[in-house]
Every structure is written in structure tokens, then in C-alpha cells.
$ cat input-v3.cif   # mmCIF, C-alpha atoms and all ligand atoms
data_upload
#
loop_
_atom_site.label_atom_id
_atom_site.label_comp_id
_atom_site.auth_asym_id
_atom_site.auth_seq_id
_atom_site.Cartn_x
_atom_site.Cartn_y
_atom_site.Cartn_z
CA MET A 279 -52.32 -8.47 -12.13
CA LYS A 280 -51.54 -6.54 -15.24
CA VAL A 281 -49.46 -3.98 -13.35
CA ALA A 282 -47.51 -6.74 -11.60
CA ALA A 283 -46.84 -8.43 -14.92
CA LEU A 284 -45.57 -5.18 -16.38
CA LEU A 285 -43.25 -4.58 -13.42
CA LEU A 286 -41.92 -8.10 -13.77
CA ALA A 287 -41.28 -7.50 -17.46
CA ILE A 288 -39.33 -4.34 -16.64
CA ALA A 289 -37.37 -6.13 -13.93
CA LEU A 290 -36.45 -8.89 -16.35
CA ALA A 291 -35.38 -6.40 -19.00
CA ALA A 292 -33.32 -4.34 -16.58
CA PRO A 293 -30.11 -6.41 -16.46
CA GLN A 294 -29.66 -5.94 -20.19
CA THR A 295 -29.68 -2.17 -20.01
CA VAL A 296 -28.20 -1.49 -16.56
CA GLU A 297 -24.75 -2.99 -16.32
CA ALA A 298 -23.42 -4.12 -12.97
CA ARG A 299 -20.84 -1.74 -11.56
CA PHE A 300 -18.62 -2.21 -8.53
CA LYS A 301 -20.08 -0.65 -5.37
CA PRO A 302 -17.29 0.49 -3.05
CA SER A 303 -17.38 0.32 0.73
CA THR A 304 -17.71 3.57 2.62
CA SER A 305 -15.93 4.87 5.69
CA SER A 306 -15.53 8.29 7.23
CA ASP A 307 -13.18 10.85 5.74
CA ALA A 308 -12.11 13.80 7.88
CA PHE A 309 -10.94 15.68 4.79
CA ALA A 310 -13.09 18.03 2.76
CA ARG A 311 -12.71 17.81 -1.02
CA ASP A 312 -10.90 21.17 -1.26
CA GLN A 313 -8.47 20.22 1.53
CA GLU A 314 -7.71 16.97 -0.22
CA ILE A 315 -6.98 18.80 -3.49
CA GLN A 316 -4.80 21.34 -1.64
CA ILE A 317 -2.84 18.56 0.12
CA GLY A 318 -2.40 16.77 -3.22
CA GLN A 319 -0.96 19.87 -4.85
CA GLN A 320 1.51 20.38 -1.99
CA VAL A 321 2.60 16.75 -2.17
CA ALA A 322 2.94 16.91 -5.97
CA ALA A 323 5.20 19.97 -5.67
CA GLU A 324 7.30 18.14 -3.05
CA THR A 325 7.48 15.05 -5.33
CA ASN A 326 8.71 17.24 -8.14
CA LYS A 327 11.63 18.36 -5.93
CA LYS A 328 12.52 14.88 -4.65
CA LEU A 329 12.09 12.77 -7.78
CA PRO A 330 13.26 13.31 -11.36
CA LEU A 331 10.01 13.96 -13.24
CA LEU A 332 10.16 14.03 -17.03
CA PRO A 333 9.07 17.44 -18.37
CA ASP A 334 5.47 17.77 -19.58
CA SER A 335 6.88 18.35 -23.08
CA ASP A 336 8.46 14.88 -23.16
CA PRO A 337 6.64 12.70 -25.73
CA ILE A 338 6.35 9.87 -23.18
CA THR A 339 4.68 12.16 -20.62
CA LYS A 340 2.39 13.59 -23.33
CA TYR A 341 1.31 10.09 -24.27
CA VAL A 342 0.62 9.11 -20.63
CA GLN A 343 -1.36 12.34 -20.13
CA GLN A 344 -3.51 11.59 -23.21
CA LEU A 345 -4.09 7.99 -22.12
CA GLY A 346 -4.90 9.15 -18.57
CA ALA A 347 -7.33 11.83 -19.79
CA LYS A 348 -9.17 9.21 -21.87
CA LEU A 349 -9.52 6.90 -18.86
CA VAL A 350 -10.59 9.40 -16.17
CA VAL A 351 -13.60 10.46 -18.28
CA HIS A 352 -14.98 7.09 -17.15
CA ALA A 353 -13.99 7.40 -13.48
CA PRO A 354 -17.22 7.31 -11.46
CA GLY A 355 -18.28 9.66 -8.68
CA GLU A 356 -16.82 13.01 -7.87
CA LYS A 357 -14.56 14.60 -10.53
CA TRP A 358 -11.02 15.26 -9.27
CA PRO A 359 -8.42 17.45 -11.00
CA TYR A 360 -6.29 14.55 -12.30
CA THR A 361 -2.71 15.21 -13.43
CA PHE A 362 -0.25 12.64 -14.81
CA HIS A 363 3.50 12.57 -14.27
CA VAL A 364 6.23 10.22 -15.45
CA ILE A 365 9.18 9.73 -13.09
CA ASN A 366 12.53 8.99 -14.72
CA GLN A 367 13.01 5.96 -12.47
CA LYS A 368 13.87 2.39 -13.40
CA GLU A 369 12.01 0.36 -10.76
CA THR A 370 8.44 -0.59 -11.64
CA ASN A 371 6.13 1.54 -9.54
CA ALA A 372 3.17 3.89 -9.65
CA PHE A 373 1.33 5.83 -6.98
CA ALA A 374 -1.69 8.06 -6.58
CA ILE A 375 -1.55 11.21 -4.46
CA PRO A 376 -4.87 12.23 -2.83
CA GLY A 377 -6.86 14.76 -4.83
CA GLY A 378 -5.66 13.95 -8.34
CA PRO A 379 -1.92 13.59 -9.10
CA ILE A 380 -0.85 10.20 -10.51
CA CYS A 381 2.83 9.31 -10.87
CA ILE A 382 4.12 6.46 -13.05
CA ASN A 383 7.75 5.35 -13.16
CA LEU A 384 9.32 5.09 -16.61
CA GLY A 385 10.24 1.51 -15.62
CA THR A 386 6.52 0.69 -15.50
CA ILE A 387 6.15 1.68 -19.16
CA GLN A 388 9.23 -0.39 -19.99
CA ALA A 389 7.68 -3.37 -18.14
CA ALA A 390 4.20 -3.15 -19.76
CA ASP A 391 3.58 -5.47 -22.71
CA ASN A 392 0.73 -3.47 -24.21
CA GLU A 393 -1.40 -0.36 -23.82
CA ALA A 394 -4.10 -2.19 -21.85
CA GLN A 395 -1.55 -3.07 -19.11
CA LEU A 396 -0.49 0.57 -18.76
CA ALA A 397 -4.15 1.64 -18.90
CA GLY A 398 -4.70 -0.91 -16.12
CA VAL A 399 -2.08 0.72 -13.88
CA ILE A 400 -3.58 4.18 -14.52
CA SER A 401 -7.17 2.94 -13.94
CA HIS A 402 -6.10 1.26 -10.69
CA GLU A 403 -4.35 4.45 -9.45
CA THR A 404 -7.34 6.58 -10.54
CA SER A 405 -9.58 4.33 -8.43
CA HIS A 406 -7.44 4.97 -5.31
CA ILE A 407 -8.14 8.70 -5.85
CA VAL A 408 -11.87 8.24 -6.53
CA LEU A 409 -12.17 6.02 -3.44
CA ARG A 410 -10.03 8.45 -1.39
CA HIS A 411 -8.06 5.57 0.08
CA GLY A 412 -5.20 7.77 1.34
CA THR A 413 -7.27 10.25 3.33
CA ARG A 414 -9.65 7.55 4.56
CA ALA A 415 -6.71 5.56 5.95
CA ALA A 416 -5.36 8.75 7.56
CA THR A 417 -8.81 9.40 9.06
CA LYS A 418 -8.77 5.94 10.67
CA GLN A 419 -5.43 6.73 12.24
CA MET A 420 -6.65 10.12 13.46
CA GLU A 421 -9.76 8.49 14.93
CA ALA A 422 -7.49 6.11 16.82
CA GLN A 423 -5.49 9.01 18.24
CA LEU A 424 -7.97 11.79 18.81
CA PRO A 425 -11.16 11.94 20.84
CA LEU A 426 -14.09 11.99 18.40
CA GLN A 427 -15.28 15.44 19.43
CA ILE A 428 -11.89 16.98 18.58
CA LEU A 429 -11.82 15.14 15.28
CA GLY A 430 -15.36 16.37 14.59
CA ALA A 431 -14.27 19.97 15.21
CA LEU A 432 -11.41 19.56 12.75
CA ILE A 433 -13.59 18.33 9.91
CA GLY A 434 -14.04 21.07 7.38
CA GLY A 435 -11.86 23.44 9.36
CA SER A 436 -8.40 24.65 8.43
CA GLY A 437 -6.95 23.10 11.60
CA ILE A 438 -6.67 19.72 9.97
CA LEU A 439 -3.50 20.59 8.02
CA ALA A 440 -1.62 21.69 11.14
CA GLN A 441 -2.95 18.64 12.97
CA LEU A 442 -1.56 16.31 10.27
CA THR A 443 1.95 17.57 10.88
CA LEU A 444 1.58 17.18 14.64
CA MET A 445 0.43 13.60 14.21
CA GLY A 446 3.22 12.74 11.79
CA ILE A 447 0.75 12.07 8.98
CA SER A 448 2.09 12.82 5.52
CA PHE A 449 1.11 11.80 2.02
CA GLY A 450 4.55 12.49 0.59
CA VAL A 451 6.83 10.19 -1.39
CA GLY A 452 7.41 6.96 0.51
CA SER A 453 4.85 7.84 3.20
CA TYR A 454 2.81 5.23 4.95
CA PHE A 455 -0.46 6.46 3.40
CA LEU A 456 0.69 5.65 -0.13
CA HIS A 457 0.78 2.01 0.98
CA ASN A 458 -2.65 0.49 0.43
CA SER A 459 -4.47 -2.15 2.49
CA ARG A 460 -5.59 -5.35 0.82
CA GLN A 461 -9.20 -4.22 0.97
CA SER A 462 -8.28 -0.95 -0.78
CA GLU A 463 -6.40 -2.96 -3.38
CA ASN A 464 -9.38 -5.16 -4.11
CA GLU A 465 -11.60 -2.09 -4.50
CA ALA A 466 -9.12 -0.36 -6.82
CA ASP A 467 -8.88 -3.54 -8.93
CA LEU A 468 -12.66 -3.78 -9.31
CA MET A 469 -13.27 -0.10 -10.02
CA GLY A 470 -10.22 -0.13 -12.31
CA THR A 471 -11.84 -3.02 -14.20
CA ASP A 472 -15.00 -0.94 -14.77
CA ILE A 473 -13.01 2.12 -15.91
CA MET A 474 -11.02 0.01 -18.38
CA TYR A 475 -14.13 -1.70 -19.74
CA ASP A 476 -15.86 1.65 -20.24
CA THR A 477 -12.79 2.97 -22.09
CA GLU A 478 -12.77 -0.25 -24.13
CA TYR A 479 -9.55 -1.75 -22.79
CA ASP A 480 -9.33 -5.38 -21.77
CA PRO A 481 -9.30 -5.31 -17.91
CA ARG A 482 -7.76 -8.79 -17.76
CA GLN A 483 -4.50 -7.15 -18.84
CA MET A 484 -4.42 -5.20 -15.55
CA ALA A 485 -4.52 -8.43 -13.53
CA GLU A 486 -2.00 -9.97 -15.95
CA PHE A 487 0.42 -7.08 -15.31
CA PHE A 488 0.20 -7.55 -11.52
CA ARG A 489 0.67 -11.30 -11.96
CA LYS A 490 3.73 -10.69 -14.10
CA LEU A 491 5.27 -8.37 -11.47
CA GLU A 492 4.78 -11.07 -8.81
CA ALA A 493 6.51 -13.62 -11.01
CA GLN A 494 9.44 -11.22 -11.49
CA GLY A 495 10.26 -11.08 -7.77
CA ASN A 496 12.51 -8.19 -6.79
CA ALA A 497 11.84 -6.00 -9.85
CA GLY A 498 8.25 -5.36 -8.79
CA ILE A 499 8.83 -5.37 -5.02
CA GLN A 500 8.06 -1.67 -4.40
CA PHE A 501 4.96 -1.78 -6.59
CA LEU A 502 3.63 -4.84 -4.76
CA SER A 503 4.52 -3.34 -1.39
CA ASP A 504 2.44 -0.21 -2.21
CA HIS A 505 -0.24 -2.32 -3.94
CA PRO A 506 -0.28 -5.72 -2.16
CA ASN A 507 -2.15 -8.65 -3.72
CA PRO A 508 -5.55 -8.87 -1.97
CA GLY A 509 -5.64 -12.58 -2.85
CA ASN A 510 -6.99 -14.16 -6.07
CA ARG A 511 -6.40 -10.89 -7.92
CA VAL A 512 -6.69 -12.43 -11.38
CA GLN A 513 -9.84 -14.35 -10.43
CA SER A 514 -11.67 -11.37 -8.92
CA VAL A 515 -10.94 -9.20 -11.99
CA ASN A 516 -12.21 -12.02 -14.23
CA ASN A 517 -15.36 -12.30 -12.09
CA GLU A 518 -15.98 -8.56 -12.40
CA VAL A 519 -15.45 -8.72 -16.18
CA ALA A 520 -17.98 -11.58 -16.33
CA THR A 521 -20.69 -9.26 -14.92
CA LEU A 522 -20.27 -6.95 -17.93
CA PRO A 523 -21.71 -7.68 -21.41
CA PRO A 524 -19.09 -8.85 -23.90
CA LYS A 525 -17.86 -6.15 -26.27
CA HIS A 526 -14.80 -5.37 -28.35
CA LEU A 527 -11.89 -4.61 -25.99
CA VAL A 528 -8.48 -3.30 -27.02
CA GLU A 529 -5.15 -4.81 -25.91
CA ASN A 530 -2.61 -2.82 -27.87
CA THR A 531 -2.24 0.19 -30.18
CA PRO A 532 0.43 1.48 -32.61
CA GLU A 533 0.90 4.54 -30.32
CA PHE A 534 1.84 2.33 -27.39
CA LYS A 535 4.33 0.37 -29.53
CA ARG A 536 5.94 3.63 -30.60
CA VAL A 537 6.14 5.00 -27.03
CA LYS A 538 7.41 1.70 -25.65
CA GLN A 539 10.27 1.86 -28.20
CA LEU A 540 11.07 5.38 -27.00
CA ALA A 541 10.98 4.21 -23.37
CA MET A 542 13.21 1.20 -24.03
CA ALA A 543 15.88 3.48 -25.51
CA ARG A 544 16.02 5.51 -22.27
CA HIS A 545 18.15 4.74 -19.21
CA PRO A 546 16.07 5.79 -16.21
CA LEU A 547 17.77 6.26 -12.82
CA THR A 548 17.64 3.62 -10.10
CA ALA A 549 16.23 4.51 -6.65
CA GLU A 550 19.82 4.33 -5.42
CA GLN A 551 21.08 6.84 -7.99
CA ILE A 552 18.20 9.20 -7.18
CA GLU A 553 19.07 9.16 -3.47
CA GLU A 554 22.79 9.58 -4.15
CA GLY A 555 21.91 12.65 -6.19
CA GLN A 556 20.32 14.04 -3.03
CA GLY A 557 23.50 13.65 -1.02
CA VAL A 558 22.70 10.40 0.77
CA ALA A 559 25.89 8.44 1.47
CA PRO A 560 26.32 5.36 -0.76
CA GLY A 561 25.55 2.15 1.10
CA GLN A 562 22.67 3.83 2.88
CA SER A 563 21.10 4.53 -0.41
CA THR A 564 18.40 1.89 -0.74
CA VAL A 565 16.68 3.01 2.46
CA ALA A 566 17.66 6.34 3.93
CA ILE A 567 16.65 6.06 7.58
CA SER A 568 16.50 9.43 9.23
CA GLY A 569 17.57 8.09 12.65
CA SER A 570 20.90 6.57 13.53
CA ILE A 571 20.47 3.04 12.21
CA PRO A 572 22.18 1.70 9.09
CA ALA A 573 20.07 0.68 6.09
CA PRO A 574 19.23 -3.04 6.00
CA ASN A 575 21.36 -5.23 3.76
CA GLY A 576 19.37 -6.64 0.88
CA ASP A 577 20.74 -10.18 1.17
CA LEU A 578 19.10 -12.15 3.95
CA GLN A 579 20.67 -14.67 6.26
CA THR A 580 18.57 -17.29 8.01
CA LEU A 581 17.78 -17.74 11.69
CA SER A 582 16.60 -21.27 12.37
CA ASN A 583 15.50 -22.48 15.82
CA ILE A 584 13.27 -25.24 17.11
CA ALA A 585 10.04 -23.35 16.43
CA PHE A 586 10.60 -21.40 13.19
CA GLU A 587 12.88 -20.17 10.46
CA ILE A 588 13.16 -16.57 9.24
CA GLY A 589 15.41 -14.58 6.91
CA TYR A 590 16.81 -11.24 8.11
CA PRO A 591 19.18 -8.55 6.78
CA SER A 592 22.76 -9.73 7.23
CA ASN A 593 23.73 -6.52 9.07
CA TRP A 594 21.01 -7.04 11.72
CA LYS A 595 21.56 -8.99 14.96
CA VAL A 596 19.58 -11.60 16.84
CA TYR A 597 18.95 -10.81 20.50
CA GLY A 598 17.42 -12.99 23.22
CA ASP A 599 17.22 -16.71 23.78
CA PRO A 600 16.58 -18.33 20.40
CA SER A 601 14.41 -21.01 22.05
CA SER A 602 11.84 -18.46 23.29
CA SER A 603 11.29 -14.79 22.47
CA VAL A 604 13.61 -13.47 19.77
CA THR A 605 14.32 -9.90 18.72
CA ILE A 606 16.06 -9.16 15.43
CA ALA A 607 17.23 -5.57 15.14
CA PRO A 608 19.83 -3.36 13.47
CA ASP A 609 22.63 -1.67 15.43
CA GLY A 610 21.03 1.20 17.32
CA GLY A 611 17.59 -0.39 16.94
CA VAL A 612 17.31 -1.36 20.60
CA ALA A 613 17.17 1.60 22.96
CA GLN A 614 16.66 1.53 26.76
CA ASN A 615 15.77 -2.18 26.60
CA ALA A 616 12.96 -1.40 24.19
CA VAL A 617 12.91 -2.15 20.48
CA ALA A 618 12.73 0.98 18.33
CA TYR A 619 13.55 -0.68 14.99
CA GLY A 620 13.26 -4.39 14.24
CA VAL A 621 11.04 -7.38 14.84
CA ILE A 622 10.01 -9.32 17.93
CA ILE A 623 8.96 -12.95 17.44
CA ASP A 624 7.22 -14.65 20.33
CA ASP A 625 4.48 -17.12 21.12
CA PHE A 626 1.24 -16.65 23.01
CA GLN A 627 -0.97 -19.22 24.71
CA PRO A 628 -4.61 -18.10 24.41
CA GLU A 629 -6.79 -18.73 27.49
CA THR A 630 -9.11 -21.22 25.88
CA ASN A 631 -9.31 -23.05 22.61
CA LEU A 632 -9.73 -19.96 20.46
CA SER A 633 -9.76 -19.43 16.70
CA LEU A 634 -6.82 -17.45 15.29
CA ASP A 635 -9.07 -14.41 14.93
CA ALA A 636 -10.27 -14.48 18.57
CA ALA A 637 -6.79 -15.39 19.88
CA THR A 638 -5.32 -12.42 17.99
CA HIS A 639 -7.80 -10.08 19.67
CA GLN A 640 -6.90 -11.54 23.06
CA LEU A 641 -3.21 -11.04 22.29
CA ILE A 642 -3.82 -7.40 21.31
CA THR A 643 -5.66 -6.83 24.59
CA ASN A 644 -2.64 -8.27 26.45
CA LEU A 645 -0.16 -6.18 24.48
CA ARG A 646 -2.19 -3.05 25.21
CA GLN A 647 -2.15 -3.80 28.94
CA SER A 648 1.64 -3.67 28.98
CA ASN A 649 1.78 -0.75 26.48
CA PRO A 650 -1.05 1.61 27.48
CA GLY A 651 -0.38 3.99 24.56
CA LEU A 652 -0.86 1.26 21.97
CA ARG A 653 -3.85 1.68 19.64
CA THR A 654 -5.04 -0.38 16.70
CA VAL A 655 -5.43 1.36 13.34
CA GLY A 656 -8.18 0.05 11.06
CA SER A 657 -9.33 -3.53 11.39
CA ASP A 658 -7.31 -6.71 11.22
CA GLU A 659 -7.02 -8.51 7.89
CA SER A 660 -6.63 -12.11 6.80
CA ILE A 661 -3.31 -12.77 5.11
CA ARG A 662 -1.24 -15.80 4.09
CA VAL A 663 2.14 -16.25 5.74
CA ASN A 664 4.10 -18.56 3.45
CA GLY A 665 0.84 -20.32 2.56
CA VAL A 666 -0.39 -20.54 6.19
CA PRO A 667 -3.46 -18.51 7.31
CA GLY A 668 -2.50 -15.46 9.34
CA ARG A 669 -3.94 -12.21 10.69
CA SER A 670 -2.43 -8.79 10.19
CA GLN A 671 -3.10 -5.74 12.38
CA GLU A 672 -1.45 -2.33 12.29
CA MET A 673 -1.03 -0.40 15.52
CA ILE A 674 0.45 2.88 16.64
CA GLY A 675 2.27 3.48 19.87
CA THR A 676 5.07 5.46 21.46
CA SER A 677 8.63 4.96 20.28
CA PRO A 678 11.47 4.74 22.84
CA ILE A 679 13.24 7.30 20.64
CA LYS A 680 12.82 10.91 21.66
CA GLN A 681 13.26 14.05 19.64
CA GLY A 682 13.92 16.86 22.11
CA ASN A 683 11.78 15.72 25.02
CA GLN A 684 8.96 14.49 22.77
CA ALA A 685 8.72 10.74 22.13
CA LEU A 686 8.35 9.82 18.45
CA GLN A 687 5.25 8.08 17.23
CA GLU A 688 5.79 4.41 16.47
CA ARG A 689 4.13 2.00 14.06
CA ASP A 690 3.79 -1.65 15.02
CA TRP A 691 2.71 -4.25 12.51
CA LEU A 692 1.45 -7.39 14.21
CA VAL A 693 1.20 -10.67 12.29
CA THR A 694 -0.14 -13.84 13.92
CA THR A 695 -0.36 -17.47 12.89
CA GLN A 696 -1.57 -20.45 14.90
CA ARG A 697 -0.02 -23.86 15.48
CA ALA A 698 -2.07 -27.07 15.47
CA ASP A 699 -1.88 -27.08 19.32
CA GLY A 700 -3.62 -23.66 19.47
CA ILE A 701 -0.51 -21.68 20.40
CA VAL A 702 -0.21 -18.39 18.51
CA ILE A 703 3.15 -17.44 17.01
CA TYR A 704 3.37 -13.71 16.46
CA LEU A 705 5.71 -11.20 14.90
CA VAL A 706 5.71 -7.47 15.65
CA PHE A 707 7.56 -5.33 13.10
CA ILE A 708 8.52 -2.03 14.70
CA ALA A 709 9.77 1.34 13.51
CA PRO A 710 9.10 5.00 14.21
CA GLU A 711 6.20 6.15 12.01
CA LYS A 712 8.46 8.40 9.94
CA ASP A 713 10.65 5.44 8.91
CA PHE A 714 8.14 2.62 8.77
CA SER A 715 7.34 2.76 5.07
CA LYS A 716 11.06 2.72 4.22
CA LEU A 717 11.48 -0.49 6.18
CA ARG A 718 8.23 -2.07 5.05
CA PRO A 719 9.70 -3.84 1.98
CA THR A 720 12.36 -5.39 4.30
CA PHE A 721 9.69 -6.43 6.82
CA GLU A 722 7.58 -7.94 4.04
CA GLN A 723 10.60 -9.80 2.67
CA MET A 724 11.25 -11.20 6.18
CA LEU A 725 7.62 -12.23 6.57
CA ARG A 726 7.68 -14.05 3.22
CA SER A 727 10.67 -16.05 4.46
CA PHE A 728 8.99 -16.96 7.79
CA LYS A 729 8.21 -20.65 8.28
CA GLU A 730 6.98 -22.46 11.36
CA LYS A 731 8.41 -25.87 12.04
ZN ZN A 801 -3.22 -0.09 -5.41
#

$ encode --input "input-v3.cif" --output "C-alpha cells" --more "lines below"
Ligand SMILES: [Zn+2]
Amino acid sequence: MKVAALLLAIALAAPQTVEARFKPSTSSDAFARDQEIQIGQQVAAETNKKLPLLPDSDPITKYVQQLGAKLVVHAPGEKWPYTFHVINQKETNAFAIPGGPICINLGTIQAADNEAQLAGVISHETSHIVLRHGTRAATKQMEAQLPLQILGALIGGSGILAQLTLMGISFGVGSYFLHNSRQSENEADLMGTDIMYDTEYDPRQMAEFFRKLEAQGNAGIQFLSDHPNPGNRVQSVNNEVATLPPKHLVENTPEFKRVKQLAMARHPLTAEQIEEGQGVAPGQSTVAISGSIPAPNGDLQTLSNIAFEIGYPSNWKVYGDPSSSVTIAPDGGVAQNAVAYGVIIDDFQPETNLSLDAATHQLITNLRQSNPGLRTVGSDESIRVNGVPGRSQEMIGTSPIKQGNQALQERDWLVTTQRADGIVIYLVFIAPEKDFSKLRPTFEQMLRSFKEK
């Protein structure tokens, strides 16, 4: 009895000494730690060529490096060789390269109200590195494409780097793997909360910064495309904070105020100016597509038919009978009767009275029967489409576009919603893998404008 009582006493005392910390999910990673660091260094060097980084001697970069160094001391798990870079770019954005490099746009510092908000961005990006979200997402794609025994043979070997190129997987600027899933976002928010708390910054400022970007619309569009809201972002950060004992947390410092003044006096380049500087023709500058299609126009026009309404770039065209299946594509986007770039909107009658989830799986099975090369990547996710419940599933397939006699790899993003009568309305956003992330903000803008009638 006495022993039991003692154990109980210890158990009761435990919550006061052991603070709750976020426990991340796990999934396989085909990349060894050293490979990941090596890839990160290659990508960082490439980033340095493509984007205007401020020199390490710049007082703004020095400040970000000091702030970053203070935060990563509290990053849990394996220690990565973190480096911090400031890009002389106006749009609010930040991204984490696997293995350690973290890049922050100068516009993000201009947009932050206090040091805790900037610390929030850095803690969030640090968490993507700790959780290895980039290489784990790439692993999922490789698992979808390669037989397991081949993948197994690649793990830990040097063959993986060559294989990445063959499969069109890159972690470079604007690549698909810098775009995070909603689950990854939620994990980075929660781990970021813990890192901030341990460094004595108020984590609620991280959620506040994301909320502010959402309220700003276009200014934060790239940031929110790379770091989509997993849903109830503010609430889930607050819940995580509530698991931690109250203590003094910092919002702002005199150093931040000084650096913010420095940043506000600068005139960072826009994405457009950066691409012009690289010899991309003006007009194509917001999205440089490597194929033969023109960049989408930013201003949307509306297609409205009996079933739905959707906005689309004003230089894209509507194909098909607007009362049934509709394709919206740019000039050159439809090749050999197949869509290489654009979106297909159609409906699907599930066999029986199925939930949206089950009906979506049935639809995917049907789509795969007519496109044998089509594979799903990762699992489907719940999303909101203009306030209506939807499912989102990424797939890879074969593009109708060929380079030499080799067909390009294609990415297909399927989004489904369900009408009251059970019929599923679905959209498939399509582009070759190498161009998908450039078109993603346009696709997301279209999806946000989509309304069933
Ligand atoms: Zn993120």
C-alpha cells in the first residue's frame, strides 16, 4: 500500500515538473542525415545565385542570425547545422531548406509588428527542418513511384541523389517540396510554439502574424501558399500555450525596433524585378513557366454556369460544354486532346449513398482506371472550399508533354465537394511537376473563388 501511495504521489507531482511538449507524427524518410545536409547546402548555394541575398555583414542579417541562433538552442531532437539568410525581396515569405538553411524575405521583417512575430516565423521554419517535412514528403512521392525494394536499396546509398533528378524531385527555390501540407503546418505551429516558449517569446504572436497575413490578402499569398492554414491556427497555438505553465514572455525588444527602422528604410525588390534581372521577359515575370504557355493574368474573370461559379485568369480559355464537364486552360495548355496545364471541373455520381470521403476514394479508383499511370501521393486531407467541406488529394501521373521522347511527370491536385443530392463536384488542377508550384498560387486563388450553386 505504501509503495502504491508513493507512486501516486510522484504521478501527481509529475505534471508540475515535466511540461507537456508537442509529440510529432512519424513517417519514413529515405534520406540519411548527411545526405539531407548535403542537399541543403547545394540548394542554399543555388538560392544564393537565383535570389538577392543580403550579405552576412548586413546589420539586418546579423540581427536575424543572432535571433535564429537563440531560438534553435531550444529546437528539440537532432541538431542540424542551421544557417539564416535574408533575401532582399519585398513580398512576405520565408522558407526552410532541408538540413538547416532558413531564408526570410526582408518584406517579412517589414511586415512583423514585434520581435516575437519574427521569432515565430523563424521557430516555425526551424520546426519544418527538425521534423524533416521536405524530405519526408519527397519520400512519400518516391514510395508512390518506386517499388519498395528499390527504394530500400537507395536508403543510405549515394544513388538517392541521382534518383532525385531522374524523378524530377528538387528542393530548390519554388519547388513543390517547399510547399507544406496542412498536417505539416499544424506540426510546425505546435513545435514552433514550444521553441518560442522555451526562448521566452510569446507564441501567440506567431499565430497573430499568420492571421494578419490572411487578413492582408494578396501581400501574404506566397507565404500562405507555402504555409497553408491547417484550420483554427490561432486556437491550436493557444491550446498548446495553455499546456505550458505561465511565465514571463517577451513581445518586443529595443533591438527589433531598431532593425525594423532599418528595414523600413530599404526598398527590397519585387518578385517581378528579381525575375526581370534574370532575363525573363516582362509580362511573364510573375510566373516564369518553362514550357510554352504564357503566365496567368493576375486579374480573374468569372465563369458562371448552372452548377457553379469560378474565377480564372483572364488570358485562359474555357473549353467544353459549360453545362457539363469544363476545362479551363491557357493557350498551349491542351495538347493532343489532353490537358497539360489547367483545370478540369466535372461531376461524379458515386455508386451508392457514400460520404464525401468514401466517394472521393471511389472517384480516384475510377480516374486511375482511365489513367493507369496515376498514383496518389500522401493521404487525402480535409479542406474547406469557400466554407464548404472538401477533400484534397495530390497525385502524380504522366504529362502529355514530351521532352525528347520522354513524357514529363505531371502533378494533379484533386479537390472534391459533395452536393446535398450526393453528387460529387470535383476539380483537377494539372501541370507538369516542374511547373506545378509556380501555378499553385493561381490554382489556390481559383479554388477560393469556387462556389457551387
Ligand atoms: Zn510552414

$ residues_near_ligand --input "input-v3.cif" --ligand "ligand ZN 801 (chain A)" --cutoff "6 Å" --atoms "only C-alpha atoms and all ligand atoms" --output "PyMOL selection string"
chain A and resi 458+463+505

$ closest_residue --input "input-v3.cif" --among "A:Gln388, A:Thr477, A:Ser448, A:Thr695" --to "Leu345 in chain A" --atoms "all atoms listed in the file"
A:Thr477

$ atom_distance --input "input-v3.cif" --atom1 "CA of Pro481 in chain A" --atom2 "CA of Glu659 in chain A"
26.1 Å

$ closest_residue --input "input-v3.cif" --among "A:Phe586, A:Phe626, A:Phe728, A:Phe714" --to "Ile701 in chain A" --atoms "only C-alpha atoms"
A:Phe626

$ residues_around --input "input-v3.cif" --residues "Ile679 in chain A" --least-positions-apart "4" --cutoff "7 Å" --atoms "only C-alpha atoms" --output "VMD selection string"
chain A and resid 618 685 to 686

$ residues_around --input "input-v3.cif" --residues "Glu730 in chain A" --least-positions-apart "6" --cutoff "12 Å" --atoms "all atoms listed in the file" --output "count of residues only"
27

$ atom_distance --input "input-v3.cif" --atom1 "CA of Gly651 in chain A" --atom2 "CA of Ala573 in chain A"
27.8 Å

$ closest_residue --input "input-v3.cif" --among "A:Tyr590, A:Lys595, A:Thr325, A:Ile661" --to "Gly576 in chain A" --atoms "all atoms listed in the file"
A:Tyr590

$ closest_residue --input "input-v3.cif" --among "A:Ile447, A:Ala353, A:Val596, A:Leu409" --to "Ser303 in chain A" --atoms "all atoms listed in the file"
A:Leu409

$ closest_residue --input "input-v3.cif" --among "A:Phe449, A:Trp358, A:Phe300, A:Tyr454" --to "Ile317 in chain A" --atoms "all atoms listed in the file"
A:Phe449

$ residues_around --input "input-v3.cif" --residues "Met542 in chain A" --least-positions-apart "3" --cutoff "12 Å" --atoms "all atoms listed in the file" --output "ChimeraX atom specification"
/A:338,368,384-391,534-539,545-546

$ closest_residue --input "input-v3.cif" --among "A:Glu403, A:Glu324, A:Asp312, A:Asp467" --to "Val350 in chain A" --atoms "only C-alpha atoms"
A:Glu403

$ residues_around --input "input-v3.cif" --residues "Asp476 in chain A" --least-positions-apart "6" --cutoff "12 Å" --atoms "only C-alpha atoms" --output "list in words"
Glu297, Ala298, Arg299, Lys348, Leu349, Val350, Val351, His352, Ala353, Pro354, Ala397, Ser401, Met469, Gly470, Val519, Leu522, Pro523, Pro524, Lys525, His526, Leu527 and Val528 of chain A

$ build_atoms --input "input-v3.cif" --residues "range 409-419 of chain A" --atoms "N, CA and C atoms" --output "compact mmCIF listing (two decimals), in the coordinates of the input"
# COMPACT_ATOMS: atom_id res chain seq x y z
N LEU A 409 -11.74 6.65 -4.70
CA LEU A 409 -12.17 6.02 -3.44
C LEU A 409 -11.53 6.68 -2.22
N ARG A 410 -10.68 7.66 -2.44
CA ARG A 410 -10.03 8.45 -1.39
C ARG A 410 -9.36 7.55 -0.35
N HIS A 411 -8.65 6.54 -0.84
CA HIS A 411 -8.06 5.57 0.08
C HIS A 411 -7.02 6.19 1.02
N GLY A 412 -6.24 7.15 0.51
CA GLY A 412 -5.20 7.77 1.34
C GLY A 412 -5.79 8.54 2.52
N THR A 413 -6.74 9.43 2.24
CA THR A 413 -7.27 10.25 3.33
C THR A 413 -8.19 9.43 4.24
N ARG A 414 -8.83 8.39 3.69
CA ARG A 414 -9.65 7.55 4.56
C ARG A 414 -8.78 6.75 5.53
N ALA A 415 -7.63 6.27 5.05
CA ALA A 415 -6.71 5.56 5.95
C ALA A 415 -6.17 6.52 7.01
N ALA A 416 -5.86 7.75 6.60
CA ALA A 416 -5.36 8.75 7.56
C ALA A 416 -6.44 9.07 8.59
N THR A 417 -7.69 9.12 8.14
CA THR A 417 -8.81 9.40 9.06
C THR A 417 -8.89 8.31 10.13
N LYS A 418 -8.73 7.05 9.69
CA LYS A 418 -8.77 5.94 10.67
C LYS A 418 -7.69 6.13 11.73
N GLN A 419 -6.51 6.53 11.27
CA GLN A 419 -5.43 6.73 12.24
C GLN A 419 -5.76 7.90 13.17
